[in-house]
file data17.cif (mmCIF, C-alpha atoms and all ligand atoms)
data_start
loop_
_atom_site.label_atom_id
_atom_site.label_comp_id
_atom_site.auth_asym_id
_atom_site.auth_seq_id
_atom_site.Cartn_x
_atom_site.Cartn_y
_atom_site.Cartn_z
CA MET A 620 37.81 -58.34 -5.00
CA THR A 621 36.02 -60.44 -2.38
CA THR A 622 32.40 -60.12 -1.36
CA LEU A 623 33.59 -59.19 2.16
CA ALA A 624 35.25 -56.08 0.69
CA ALA A 625 31.88 -55.04 -0.73
CA PHE A 626 30.41 -55.28 2.80
CA GLY A 627 33.08 -53.16 4.48
CA LEU A 628 34.61 -56.20 6.15
CA GLU A 629 37.92 -56.25 4.28
CA GLU A 630 40.10 -53.15 4.26
CA LYS A 631 42.96 -54.20 2.03
CA GLY A 632 43.71 -51.71 -0.75
CA LEU A 633 42.35 -48.63 0.99
CA VAL A 634 44.49 -45.50 1.06
CA GLU A 635 44.14 -42.17 2.82
CA ILE A 636 42.93 -39.16 0.85
CA PRO A 637 45.80 -36.69 1.45
CA GLY A 638 44.94 -34.00 3.95
CA THR A 639 41.86 -35.81 5.24
CA GLU A 640 40.96 -38.54 7.72
CA TYR A 641 39.12 -40.46 4.97
CA ARG A 642 40.12 -43.51 2.95
CA VAL A 643 39.25 -44.72 -0.57
CA ARG A 644 40.42 -47.49 -2.91
CA GLU A 645 43.70 -46.63 -4.53
CA SER A 646 42.15 -46.38 -8.00
CA VAL A 647 39.91 -43.53 -6.82
CA LEU A 648 42.72 -41.19 -5.72
CA GLY A 649 43.92 -40.11 -9.18
CA PRO A 650 40.42 -39.39 -10.53
CA LEU A 651 39.56 -37.48 -7.33
CA LYS A 652 42.67 -35.36 -7.75
CA GLU A 653 41.63 -34.68 -11.35
CA LEU A 654 38.08 -33.73 -10.44
CA SER A 655 39.35 -31.51 -7.63
CA GLN A 656 41.62 -29.71 -10.10
CA LYS A 657 38.70 -29.12 -12.50
CA ALA A 658 36.63 -27.82 -9.59
CA ARG A 659 39.41 -25.46 -8.55
CA GLU A 660 39.61 -24.06 -12.07
CA ALA A 661 35.87 -23.36 -11.88
CA GLY A 662 36.25 -21.59 -8.53
CA PHE A 663 35.16 -24.42 -6.20
CA GLU A 664 36.99 -26.48 -3.61
CA ILE A 665 35.90 -30.11 -3.31
CA ARG A 666 35.71 -30.99 0.37
CA VAL A 667 35.20 -34.65 1.28
CA GLU A 668 32.67 -35.17 4.06
CA SER A 669 32.68 -38.97 3.96
CA ALA A 670 34.33 -41.77 2.00
CA TYR A 671 35.04 -45.38 3.02
CA ARG A 672 32.97 -46.64 5.93
CA SER A 673 33.43 -50.01 7.62
CA PHE A 674 30.68 -52.50 8.36
CA GLU A 675 31.25 -51.90 12.09
CA ARG A 676 30.76 -48.15 11.70
CA GLN A 677 27.53 -48.60 9.72
CA LEU A 678 26.35 -51.18 12.25
CA SER A 679 26.88 -48.68 15.04
CA ILE A 680 24.85 -46.03 13.15
CA TRP A 681 22.10 -48.59 12.43
CA ASN A 682 21.84 -49.84 15.99
CA ARG A 683 21.80 -46.33 17.45
CA LYS A 684 19.07 -45.20 15.03
CA ALA A 685 16.98 -48.27 15.84
CA THR A 686 17.21 -47.53 19.56
CA GLY A 687 16.64 -43.78 19.32
CA GLN A 688 20.17 -42.83 20.34
CA LEU A 689 20.62 -41.12 16.98
CA LYS A 690 18.03 -38.78 15.47
CA LEU A 691 15.67 -40.52 13.03
CA LEU A 692 14.22 -38.38 10.23
CA ASP A 693 11.08 -38.93 8.15
CA ALA A 694 10.94 -38.52 4.36
CA ASN A 695 10.64 -34.74 4.78
CA GLY A 696 13.70 -34.58 6.98
CA VAL A 697 11.62 -33.97 10.11
CA PRO A 698 12.67 -35.93 13.24
CA PHE A 699 10.19 -38.57 14.46
CA ARG A 700 8.73 -37.63 17.81
CA GLU A 701 8.36 -41.28 18.73
CA LEU A 702 10.02 -44.27 17.13
CA PRO A 703 7.60 -46.45 15.11
CA GLN A 704 6.57 -49.49 17.17
CA ASP A 705 6.41 -51.92 14.26
CA GLU A 706 9.86 -53.31 13.48
CA GLU A 707 9.39 -53.28 9.73
CA VAL A 708 8.08 -49.70 9.73
CA LEU A 709 11.03 -48.64 11.88
CA MET A 710 13.46 -50.46 9.59
CA ARG A 711 12.05 -48.75 6.49
CA ALA A 712 12.23 -45.37 8.26
CA ILE A 713 15.92 -45.86 9.01
CA LEU A 714 16.53 -46.94 5.42
CA LEU A 715 15.28 -43.61 4.03
CA TRP A 716 18.52 -41.96 5.12
CA SER A 717 20.85 -44.70 6.35
CA ALA A 718 22.01 -47.82 4.59
CA LEU A 719 21.96 -51.34 5.92
CA PRO A 720 25.33 -52.37 7.34
CA GLY A 721 26.90 -54.35 4.51
CA GLY A 722 24.52 -52.67 2.04
CA SER A 723 26.07 -49.21 2.04
CA ARG A 724 27.92 -48.12 -1.07
CA HIS A 725 30.34 -46.37 1.27
CA HIS A 726 31.75 -49.83 2.07
CA PHE A 727 33.09 -49.97 -1.48
CA GLY A 728 35.69 -47.26 -0.90
CA THR A 729 34.67 -45.85 -4.27
CA GLU A 730 32.03 -43.45 -2.96
CA LEU A 731 32.36 -39.91 -1.65
CA ASP A 732 30.11 -37.35 -0.06
CA VAL A 733 31.36 -33.97 -1.24
CA VAL A 734 30.58 -30.29 -0.78
CA ASP A 735 32.14 -27.04 -1.95
CA GLY A 736 34.43 -26.05 0.88
CA LYS A 737 34.56 -22.48 -0.40
CA SER A 738 30.83 -21.99 0.15
CA VAL A 739 30.73 -23.18 3.75
CA PRO A 740 30.26 -20.17 6.05
CA ALA A 741 32.71 -19.91 8.97
CA GLY A 742 31.56 -22.02 11.89
CA TYR A 743 28.83 -23.77 9.89
CA GLU A 744 28.61 -27.53 10.30
CA VAL A 745 27.71 -29.31 7.06
CA GLU A 746 24.72 -31.64 7.44
CA LEU A 747 24.36 -32.97 3.87
CA THR A 748 20.76 -31.97 3.21
CA GLU A 749 18.64 -31.03 0.21
CA GLU A 750 18.39 -27.48 1.60
CA GLU A 751 22.15 -27.08 1.45
CA CYS A 752 22.19 -28.39 -2.14
CA ASP A 753 19.56 -25.84 -3.12
CA GLY A 754 21.23 -23.14 -1.10
CA MET A 755 24.92 -22.54 -0.47
CA PHE A 756 26.06 -25.46 -2.65
CA LEU A 757 23.74 -24.86 -5.62
CA PRO A 758 26.39 -23.36 -7.94
CA PHE A 759 28.71 -26.28 -7.14
CA HIS A 760 26.02 -28.87 -7.85
CA GLN A 761 25.06 -27.16 -11.10
CA TRP A 762 28.70 -27.26 -12.14
CA LEU A 763 29.02 -30.92 -11.08
CA SER A 764 25.87 -31.89 -13.02
CA LYS A 765 27.33 -30.31 -16.16
CA GLN A 766 30.62 -32.17 -15.68
CA ILE A 767 28.79 -35.49 -15.29
CA GLU A 768 26.49 -34.87 -18.26
CA SER A 769 29.41 -34.01 -20.51
CA LYS A 770 31.41 -37.05 -19.28
CA ASN A 771 34.04 -34.70 -17.94
CA SER A 772 33.84 -35.83 -14.31
CA SER A 773 36.80 -38.26 -14.29
CA GLY A 774 34.49 -41.27 -13.96
CA PHE A 775 32.43 -39.90 -11.07
CA GLU A 776 28.65 -40.08 -11.26
CA ARG A 777 25.70 -39.58 -8.97
CA VAL A 778 23.91 -42.80 -8.06
CA PHE A 779 21.17 -41.81 -5.60
CA VAL A 780 19.03 -40.10 -8.20
CA PRO A 781 15.22 -39.91 -8.44
CA GLY A 782 13.42 -42.90 -9.95
CA ARG A 783 15.92 -45.61 -9.09
CA GLY A 784 15.43 -47.36 -5.75
CA LYS A 785 13.95 -46.31 -2.43
CA ILE A 786 16.85 -44.26 -1.09
CA GLN A 787 16.27 -40.50 -1.01
CA PRO A 788 18.16 -38.60 -3.74
CA GLU A 789 21.59 -37.48 -2.53
CA ARG A 790 23.27 -34.97 -4.80
CA TRP A 791 26.36 -34.85 -2.60
CA HIS A 792 27.08 -38.57 -3.04
CA ILE A 793 29.30 -39.43 -5.99
CA SER A 794 30.56 -42.83 -7.09
CA HIS A 795 33.69 -43.58 -9.06
CA ARG A 796 31.87 -45.93 -11.41
CA PRO A 797 34.88 -47.62 -13.02
CA SER A 798 36.17 -48.58 -9.55
CA ALA A 799 32.76 -49.52 -8.12
CA ARG A 800 32.13 -52.03 -10.90
CA ASP A 801 34.34 -54.75 -9.34
CA LEU A 802 32.70 -54.36 -5.95
CA GLU A 803 29.24 -54.62 -7.46
CA LYS A 804 30.28 -57.76 -9.31
CA SER A 805 31.64 -59.40 -6.18
CA PHE A 806 28.57 -58.52 -4.06
CA ASP A 807 26.98 -61.82 -2.99
CA PRO A 808 23.67 -61.27 -1.20
CA GLN A 809 23.59 -64.76 0.29
CA ALA A 810 26.95 -64.12 1.93
CA LEU A 811 25.52 -60.92 3.43
CA ARG A 812 22.53 -62.82 4.79
CA LYS A 813 24.95 -65.16 6.56
CA VAL A 814 26.79 -62.18 8.04
CA TYR A 815 23.51 -60.85 9.49
CA GLU A 816 22.69 -64.23 11.01
CA LYS A 817 25.96 -64.06 12.96
CA THR A 818 25.84 -60.33 13.83
CA ASP A 819 24.31 -58.54 16.78
CA ILE A 820 22.20 -56.20 14.65
CA ALA A 821 19.03 -54.35 15.69
CA LEU A 822 15.81 -55.39 13.87
CA LYS A 823 17.48 -58.64 12.80
CA SER A 824 14.27 -60.60 12.24
CA ALA A 825 12.72 -57.77 10.19
CA ILE A 826 15.89 -57.66 8.07
CA LEU A 827 16.01 -61.42 7.50
CA ASP A 828 12.25 -61.69 6.83
CA ASN A 829 12.47 -58.93 4.18
CA PHE A 830 15.95 -59.67 2.93
CA ASP A 831 15.21 -60.09 -0.79
CA ALA A 832 13.02 -56.99 -0.88
CA LEU A 833 15.71 -54.98 0.88
CA MET A 834 18.29 -55.97 -1.73
CA ARG A 835 15.79 -55.14 -4.49
CA ASP A 836 14.84 -51.73 -3.05
CA TYR A 837 18.05 -50.40 -1.49
CA VAL A 838 21.06 -52.13 -3.03
CA PHE A 839 20.66 -53.44 -6.58
CA PRO A 840 18.86 -50.43 -8.13
CA TYR A 841 22.09 -48.46 -7.73
CA PHE A 842 24.34 -50.99 -9.41
CA GLU A 843 25.48 -50.11 -12.91
CA GLY A 844 23.11 -51.18 -15.64
CA LYS A 845 20.20 -51.69 -13.25
ZN ZN A 901 27.10 -40.95 0.67
#
call {"tool": "encode", "arguments": {"input": "data17.cif", "output": "structure tokens"}}
result
Amino acid sequence: MTTLAAFGLEEKGLVEIPGTEYRVRESVLGPLKELSQKAREAGFEIRVESAYRSFERQLSIWNRKATGQLKLLDANGVPFRELPQDEEVLMRAILLWSALPGGSRHHFGTELDVVDGKSVPAGYEVELTEEECDGMFLPFHQWLSKQIESKNSSGFERVFVPGRGKIQPERWHISHRPSARDLEKSFDPQALRKVYEKTDIALKSAILDNFDALMRDYVFPYFEGK
């Protein structure tokens, strides 16, 4: 695995999840099928809301959030009325809910955002929020927690959990740990810094000035064994 694959800049080895528009690494497909079967037996239907994401896609999200073209939420999930003026404050605000391009675990192709398709009311558009996890998806998340605790989740685990780094907890985000391991190992922060230097990315100087802290707060705490 190359470090570019860990940044979403190398798409070799990605395969489509049948019946969806999403892609994952090949080694994730079997375990996902297994977990979906277990969910079905428990009365749930795992619906994938997001999987692999390219660097370009994350860059587009980042740049649109930095310029106010996409809604920017505070730690309570309330939209900012005005964008923070200070570049570093703005950068940290984006990072509460969106990853740095190249620093998103969704680049790995081993990560999924999932909900229980059976609990989605007709016409409702899933937003992936805490409220949903405590509401319509609560039984599903309680079931998933039990599966993970009892090591019966086919290698999937939650990674954005309280007390780790500075990313808000995300119950809907699961990682296929055995597959993510290789990507984490190949992740070379200095190579990512070089990518930023060559990329047209919003808040570039704030990112480069705070690079080591960003890795420490938003990337490495979620690696296995950290
Ligand atoms: Zn996610």
call {"tool": "closest_residue", "arguments": {"input": "data17.cif", "among": "A:Gly728, A:Gly754, A:Gly784, A:Gly627", "to": "ligand ZN 901 (chain A)", "atoms": "all atoms listed in the file"}}
result
A:Gly728
call {"tool": "closest_residue", "arguments": {"input": "data17.cif", "among": "A:Arg676, A:Arg724, A:Lys737, A:Lys804", "to": "ligand ZN 901 (chain A)", "atoms": "all atoms listed in the file"}}
result
A:Arg724
call {"tool": "residues_near_ligand", "arguments": {"input": "data17.cif", "ligand": "ligand ZN 901 (chain A)", "cutoff": "12 Å", "atoms": "all atoms listed in the file", "output": "number ranges by chain"}}
result
A: 667-672, 677, 716-718, 723-734, 746-748, 777-779, 786-794
call {"tool": "atom_distance", "arguments": {"input": "data17.cif", "atom1": "atom CA of Gly774 of chain A", "atom2": "atom CA of Arg796 of chain A"}}
result
5.9 Å
call {"tool": "atom_distance", "arguments": {"input": "data17.cif", "atom1": "atom CA of Val708 of chain A", "atom2": "atom CA of Gly721 of chain A"}}
result
20.1 Å
call {"tool": "residues_around", "arguments": {"input": "data17.cif", "residues": "Glu675 of chain A", "least_positions_apart": "3", "cutoff": "8 Å", "atoms": "all atoms listed in the file", "output": "ChimeraX atom specification"}}
result
/A:627,678-679,720
call {"tool": "write_last_selection", "arguments": {"input": "data17.cif", "atoms": "C-alpha atoms", "output": "mmCIF file, keeping the file's coordinate frame"}}
result
data_model
loop_
_atom_site.group_PDB
_atom_site.id
_atom_site.type_symbol
_atom_site.label_atom_id
_atom_site.label_comp_id
_atom_site.auth_asym_id
_atom_site.auth_seq_id
_atom_site.Cartn_x
_atom_site.Cartn_y
_atom_site.Cartn_z
ATOM 1 C CA GLY A 627 33.080 -53.160 4.480
ATOM 2 C CA LEU A 678 26.350 -51.180 12.250
ATOM 3 C CA SER A 679 26.880 -48.680 15.040
ATOM 4 C CA PRO A 720 25.330 -52.370 7.340
#
call {"tool": "atom_distance", "arguments": {"input": "data17.cif", "atom1": "atom CA of Asp819 of chain A", "atom2": "atom CA of Arg835 of chain A"}}
result
23.2 Å
call {"tool": "closest_residue", "arguments": {"input": "data17.cif", "among": "A:Met834, A:Ala825, A:Leu702, A:Pro650", "to": "Lys684 of chain A", "atoms": "all atoms listed in the file"}}
result
A:Leu702
call {"tool": "closest_residue", "arguments": {"input": "data17.cif", "among": "A:Leu715, A:Ala810, A:Leu651, A:Ala821", "to": "Gly696 of chain A", "atoms": "all atoms listed in the file"}}
result
A:Leu715
call {"tool": "closest_residue", "arguments": {"input": "data17.cif", "among": "A:Ala694, A:Ala658, A:Leu802, A:Leu822", "to": "Arg644 of chain A", "atoms": "all atoms listed in the file"}}
result
A:Leu802
call {"tool": "closest_residue", "arguments": {"input": "data17.cif", "among": "A:Asn695, A:Ser764, A:Ser673, A:Ser773", "to": "Leu633 of chain A", "atoms": "only C-alpha atoms"}}
result
A:Ser673
call {"tool": "residues_near_point", "arguments": {"input": "data17.cif", "point": "(18.1, -40.6, 18.3)", "cutoff": "10 Å", "atoms": "all atoms listed in the file", "output": "list of chain:residue names"}}
result
A:Arg683, A:Lys684, A:Ala685, A:Thr686, A:Gly687, A:Gln688, A:Leu689, A:Lys690, A:Leu691, A:Leu692, A:Pro698, A:Phe699, A:Arg700, A:Glu701, A:Leu702
call {"tool": "residues_near_point", "arguments": {"input": "data17.cif", "point": "(14.6, -61.6, 6.6)", "cutoff": "12 Å", "atoms": "all atoms listed in the file", "output": "list in words"}}
result
Glu706, Glu707, Met710, Pro808, Gln809, Leu811, Arg812, Lys813, Tyr815, Glu816, Leu822, Lys823, Ser824, Ala825, Ile826, Leu827, Asp828, Asn829, Phe830, Asp831, Ala832, Leu833 and Met834 of chain A
